[in-house]
Amino acid sequence: MAGIDSLRTLLVEQLKDIYDAETRLTKAIPKLARKSTNDELKEAFQHHLRETEEHVSRIEQAFEELDLSPKARACVGMKGLIEEGDEHARDAYDHDGLRDAAIIGAAQRVEHYEIAAYGTAIAHAKLLELDKIVSLLEETLVEEKAADRTLTDIAESAVNLDAESPEERKVSTRRLSGRRGIVMMRPAGSQRASAADRSRRSSRRRRR
């Protein structure tokens, strides 16, 4: 890394790091999409690939705002996360649902890394009053957070359920049935009564 003598220099180094990370992801995301078997997950990766290509373009625009040519610096963190994701995708699984669950986990670690990187760069750009760069980075940050939420939704609604073994599914079903039983057994007016009790106690405290 070059000598860091100012916040501006630090921001430039961060942009180089993010530029490399996003560029790597344009090659990594298609691999994850091919390994995925859930259609919704495949579609999410394809959509985010298009966004990631735009993220690369925005970083290039940020460099232009600084009167610099776009330049990448090897992002060791992202390199490691991508390698880990590739390993998970190649692992042997008893069924496809397990692989999809592992792929989502790897993809979300990537998203969380990016969210942290963009958040830091935005904070520094704001201090430097680089409003155009802040706007570019914030636009990408919104999309990274949305991508993370989408992966969570897919995992919770389908993939994690598909990943369960028959034995695990039985346990989950029993647990869910038990929770429903507790809710059904609760007296219909109990919550209202509790609220009324709290109101009366509050009134007594005020009178004292």
# chains A, B, ... in the order shown; residues from 1 in each chain; ligands from 1
>>> residues_around(residues="A:Thr150", least_positions_apart="6", cutoff="10 Å", atoms="only C-alpha atoms", output="PyMOL selection string")
chain A and resi 40-41+44+108+144+156
>>> atom_distance(atom1="atom CA of A:Arg90", atom2="atom CA of A:Glu167")
25.0 Å
>>> closest_residue(among="A:Lys35, A:His48, A:Lys126, A:Arg24", to="A:Ala102", atoms="only C-alpha atoms")
A:Lys35
>>> closest_residue(among="A:Lys145, A:His95, A:Arg109, A:His55", to="A:Gly80", atoms="only C-alpha atoms")
A:Arg109
>>> residues_around(residues="stretch 63-73 of chain A", least_positions_apart="6", cutoff="6 Å", atoms="only C-alpha atoms", output="JSON, numbers by chain")
{"A": [16, 17, 19, 20]}
>>> write_last_selection(atoms="C-alpha atoms", output="PDB file, in the first residue's frame")
ATOM      1  CA  LYS A  16      -8.860   0.862  -5.354  1.00  0.00           C
ATOM      2  CA  ASP A  17      -9.719  -1.982  -2.989  1.00  0.00           C
ATOM      3  CA  TYR A  19     -12.741  -1.578  -7.503  1.00  0.00           C
ATOM      4  CA  ASP A  20     -10.771  -4.813  -7.375  1.00  0.00           C
TER       5      ASP A  20
END
>>> select_by_dssp(residues="chain A", states="helix (DSSP H, G or I)", output="tab-separated table (two decimals) with C-alpha atoms, in the first residue's frame")
chain	number	residue	atom	x	y	z
A	7	LEU	CA	-7.97	11.17	4.50
A	8	ARG	CA	-8.22	11.77	0.75
A	9	THR	CA	-5.36	9.36	0.11
A	10	LEU	CA	-7.02	6.80	2.37
A	11	LEU	CA	-10.27	7.16	0.40
A	12	VAL	CA	-8.41	6.60	-2.87
A	13	GLU	CA	-6.87	3.41	-1.48
A	14	GLN	CA	-10.30	2.25	-0.37
A	15	LEU	CA	-11.70	2.89	-3.84
A	16	LYS	CA	-8.86	0.86	-5.35
A	17	ASP	CA	-9.72	-1.98	-2.99
A	18	ILE	CA	-13.45	-1.83	-3.77
A	19	TYR	CA	-12.74	-1.58	-7.50
A	20	ASP	CA	-10.77	-4.81	-7.37
A	21	ALA	CA	-13.44	-6.49	-5.24
A	22	GLU	CA	-16.29	-5.58	-7.59
A	23	THR	CA	-14.29	-6.60	-10.66
A	24	ARG	CA	-13.57	-10.00	-9.10
A	25	LEU	CA	-17.26	-10.44	-8.36
A	26	THR	CA	-18.25	-9.96	-12.00
A	27	LYS	CA	-16.36	-13.22	-12.61
A	28	ALA	CA	-17.37	-15.01	-9.39
A	29	ILE	CA	-21.14	-14.44	-9.43
A	30	PRO	CA	-21.77	-16.37	-12.68
A	31	LYS	CA	-20.01	-19.39	-11.14
A	32	LEU	CA	-22.30	-19.33	-8.11
A	33	ALA	CA	-25.33	-18.96	-10.38
A	34	ARG	CA	-24.31	-22.03	-12.38
A	35	LYS	CA	-23.81	-24.10	-9.23
A	39	ASP	CA	-34.48	-20.99	-9.73
A	40	GLU	CA	-35.14	-17.97	-7.54
A	41	LEU	CA	-31.54	-18.04	-6.33
A	42	LYS	CA	-30.22	-18.26	-9.88
A	43	GLU	CA	-32.34	-15.29	-10.88
A	44	ALA	CA	-31.13	-13.29	-7.88
A	45	PHE	CA	-27.50	-13.90	-8.84
A	46	GLN	CA	-28.15	-12.92	-12.45
A	47	HIS	CA	-29.85	-9.72	-11.33
A	48	HIS	CA	-27.04	-8.86	-8.94
A	49	LEU	CA	-24.44	-9.54	-11.62
A	50	ARG	CA	-25.98	-6.76	-13.71
A	51	GLU	CA	-25.90	-4.51	-10.64
A	52	THR	CA	-22.28	-5.42	-9.93
A	53	GLU	CA	-21.25	-4.43	-13.45
A	54	GLU	CA	-22.86	-1.05	-12.74
A	55	HIS	CA	-21.01	-0.89	-9.40
A	56	VAL	CA	-17.72	-1.18	-11.28
A	57	SER	CA	-18.80	1.70	-13.51
A	58	ARG	CA	-19.68	3.86	-10.50
A	59	ILE	CA	-16.27	3.32	-8.94
A	60	GLU	CA	-14.71	4.39	-12.23
A	61	GLN	CA	-16.85	7.54	-12.08
A	62	ALA	CA	-15.65	8.14	-8.52
A	63	PHE	CA	-12.03	8.03	-9.71
A	64	GLU	CA	-12.92	10.53	-12.43
A	65	GLU	CA	-14.36	12.87	-9.78
A	76	VAL	CA	-7.17	-9.78	-0.19
A	77	GLY	CA	-10.37	-10.00	1.82
A	78	MET	CA	-12.63	-10.41	-1.20
A	79	LYS	CA	-10.17	-12.80	-2.83
A	80	GLY	CA	-10.40	-15.04	0.24
A	81	LEU	CA	-14.20	-14.86	0.40
A	82	ILE	CA	-14.53	-15.80	-3.26
A	83	GLU	CA	-12.12	-18.71	-2.89
A	84	GLU	CA	-14.08	-19.91	0.14
A	85	GLY	CA	-17.33	-19.64	-1.81
A	86	ASP	CA	-15.86	-21.66	-4.69
A	87	GLU	CA	-14.80	-24.38	-2.24
A	88	HIS	CA	-18.28	-24.54	-0.71
A	89	ALA	CA	-19.85	-24.81	-4.15
A	90	ARG	CA	-17.52	-27.71	-5.06
A	96	ASP	CA	-28.84	-29.85	-3.96
A	97	GLY	CA	-30.70	-28.00	-1.19
A	98	LEU	CA	-27.64	-28.24	1.05
A	99	ARG	CA	-25.39	-26.81	-1.66
A	100	ASP	CA	-27.76	-23.91	-2.28
A	101	ALA	CA	-27.83	-23.15	1.46
A	102	ALA	CA	-24.00	-23.13	1.56
A	103	ILE	CA	-23.85	-20.90	-1.52
A	104	ILE	CA	-26.23	-18.38	0.06
A	105	GLY	CA	-24.08	-18.32	3.18
A	106	ALA	CA	-20.97	-17.61	1.10
A	107	ALA	CA	-22.75	-14.93	-0.93
A	108	GLN	CA	-24.00	-13.16	2.19
A	109	ARG	CA	-20.51	-13.04	3.67
A	110	VAL	CA	-19.49	-11.25	0.49
A	111	GLU	CA	-22.40	-8.82	0.79
A	112	HIS	CA	-21.59	-8.02	4.42
A	113	TYR	CA	-17.96	-7.34	3.48
A	114	GLU	CA	-19.07	-4.96	0.75
A	115	ILE	CA	-21.60	-3.21	2.99
A	116	ALA	CA	-18.84	-2.51	5.51
A	117	ALA	CA	-16.40	-1.31	2.81
A	118	TYR	CA	-18.90	1.05	1.21
A	119	GLY	CA	-20.07	2.37	4.57
A	120	THR	CA	-16.53	3.34	5.53
A	121	ALA	CA	-15.76	4.95	2.16
A	122	ILE	CA	-19.00	6.95	2.29
A	123	ALA	CA	-18.18	8.25	5.77
A	124	HIS	CA	-14.77	9.47	4.59
A	125	ALA	CA	-16.15	10.98	1.38
A	126	LYS	CA	-18.72	12.92	3.44
A	127	LEU	CA	-15.98	14.38	5.65
A	131	ASP	CA	-20.87	14.93	-2.61
A	132	LYS	CA	-20.84	13.30	-6.05
A	133	ILE	CA	-18.75	10.39	-4.78
A	134	VAL	CA	-21.01	10.03	-1.74
A	135	SER	CA	-24.02	9.83	-4.05
A	136	LEU	CA	-22.38	7.18	-6.26
A	137	LEU	CA	-21.33	5.02	-3.33
A	138	GLU	CA	-24.64	5.36	-1.50
A	139	GLU	CA	-26.52	4.19	-4.58
A	140	THR	CA	-24.43	1.03	-4.61
A	141	LEU	CA	-24.74	0.54	-0.85
A	142	VAL	CA	-28.54	0.51	-1.16
A	143	GLU	CA	-28.28	-2.23	-3.79
A	144	GLU	CA	-25.85	-4.29	-1.71
A	145	LYS	CA	-28.21	-4.19	1.28
A	146	ALA	CA	-31.14	-5.12	-0.95
A	147	ALA	CA	-29.19	-8.06	-2.37
A	148	ASP	CA	-28.44	-9.27	1.15
A	149	ARG	CA	-32.13	-9.06	2.09
A	150	THR	CA	-33.09	-10.96	-1.06
A	151	LEU	CA	-30.71	-13.78	-0.18
A	152	THR	CA	-32.16	-13.93	3.33
A	153	ASP	CA	-35.70	-14.11	1.94
A	154	ILE	CA	-34.80	-16.92	-0.46
A	155	ALA	CA	-33.03	-18.84	2.29
A	156	GLU	CA	-35.87	-18.52	4.79
A	157	SER	CA	-38.72	-19.17	2.36
A	158	ALA	CA	-37.26	-22.12	0.46
A	159	VAL	CA	-33.59	-23.03	0.45
A	160	ASN	CA	-33.05	-23.62	4.16
A	161	LEU	CA	-36.19	-25.75	4.26
A	162	ASP	CA	-34.96	-27.77	1.29
A	163	ALA	CA	-31.62	-28.26	3.03
A	166	PRO	CA	-36.12	-35.84	6.69
A	167	GLU	CA	-35.19	-36.25	10.37
A	168	GLU	CA	-34.48	-32.53	10.79
A	169	ARG	CA	-37.76	-31.71	9.05
A	170	LYS	CA	-39.67	-33.85	11.54
A	171	VAL	CA	-38.07	-31.99	14.45
A	172	SER	CA	-38.90	-28.63	12.88
A	173	THR	CA	-42.48	-29.70	12.30
A	174	ARG	CA	-42.88	-30.82	15.91
A	175	ARG	CA	-41.34	-27.59	17.18
A	176	LEU	CA	-43.64	-25.49	14.99
A	177	SER	CA	-46.68	-27.50	16.07
A	178	GLY	CA	-45.72	-26.99	19.72
A	179	ARG	CA	-45.48	-23.23	19.25
A	180	ARG	CA	-48.87	-23.14	17.57
A	181	GLY	CA	-50.34	-25.12	20.47
A	182	ILE	CA	-49.05	-22.60	22.98
A	183	VAL	CA	-50.59	-19.73	21.03
A	184	MET	CA	-53.93	-21.54	20.69
A	185	MET	CA	-54.04	-22.37	24.43
A	190	SER	CA	-55.22	-12.44	28.17
A	191	GLN	CA	-53.31	-9.85	26.18
A	192	ARG	CA	-56.08	-7.27	26.59
A	193	ALA	CA	-56.29	-8.03	30.31
A	194	SER	CA	-52.55	-7.58	30.68
A	195	ALA	CA	-52.74	-4.25	28.89
A	196	ALA	CA	-55.60	-3.15	31.16
A	197	ASP	CA	-53.65	-4.21	34.26
A	198	ARG	CA	-50.65	-2.21	33.11
A	199	SER	CA	-52.88	0.81	32.53
A	200	ARG	CA	-54.40	0.55	36.03
A	201	ARG	CA	-50.97	0.20	37.64
A	202	SER	CA	-49.76	3.24	35.73
A	203	SER	CA	-52.80	5.27	36.87
A	204	ARG	CA	-52.20	4.34	40.53
A	205	ARG	CA	-48.56	5.41	40.27
A	206	ARG	CA	-49.60	8.78	38.85
A	207	ARG	CA	-52.14	9.36	41.70
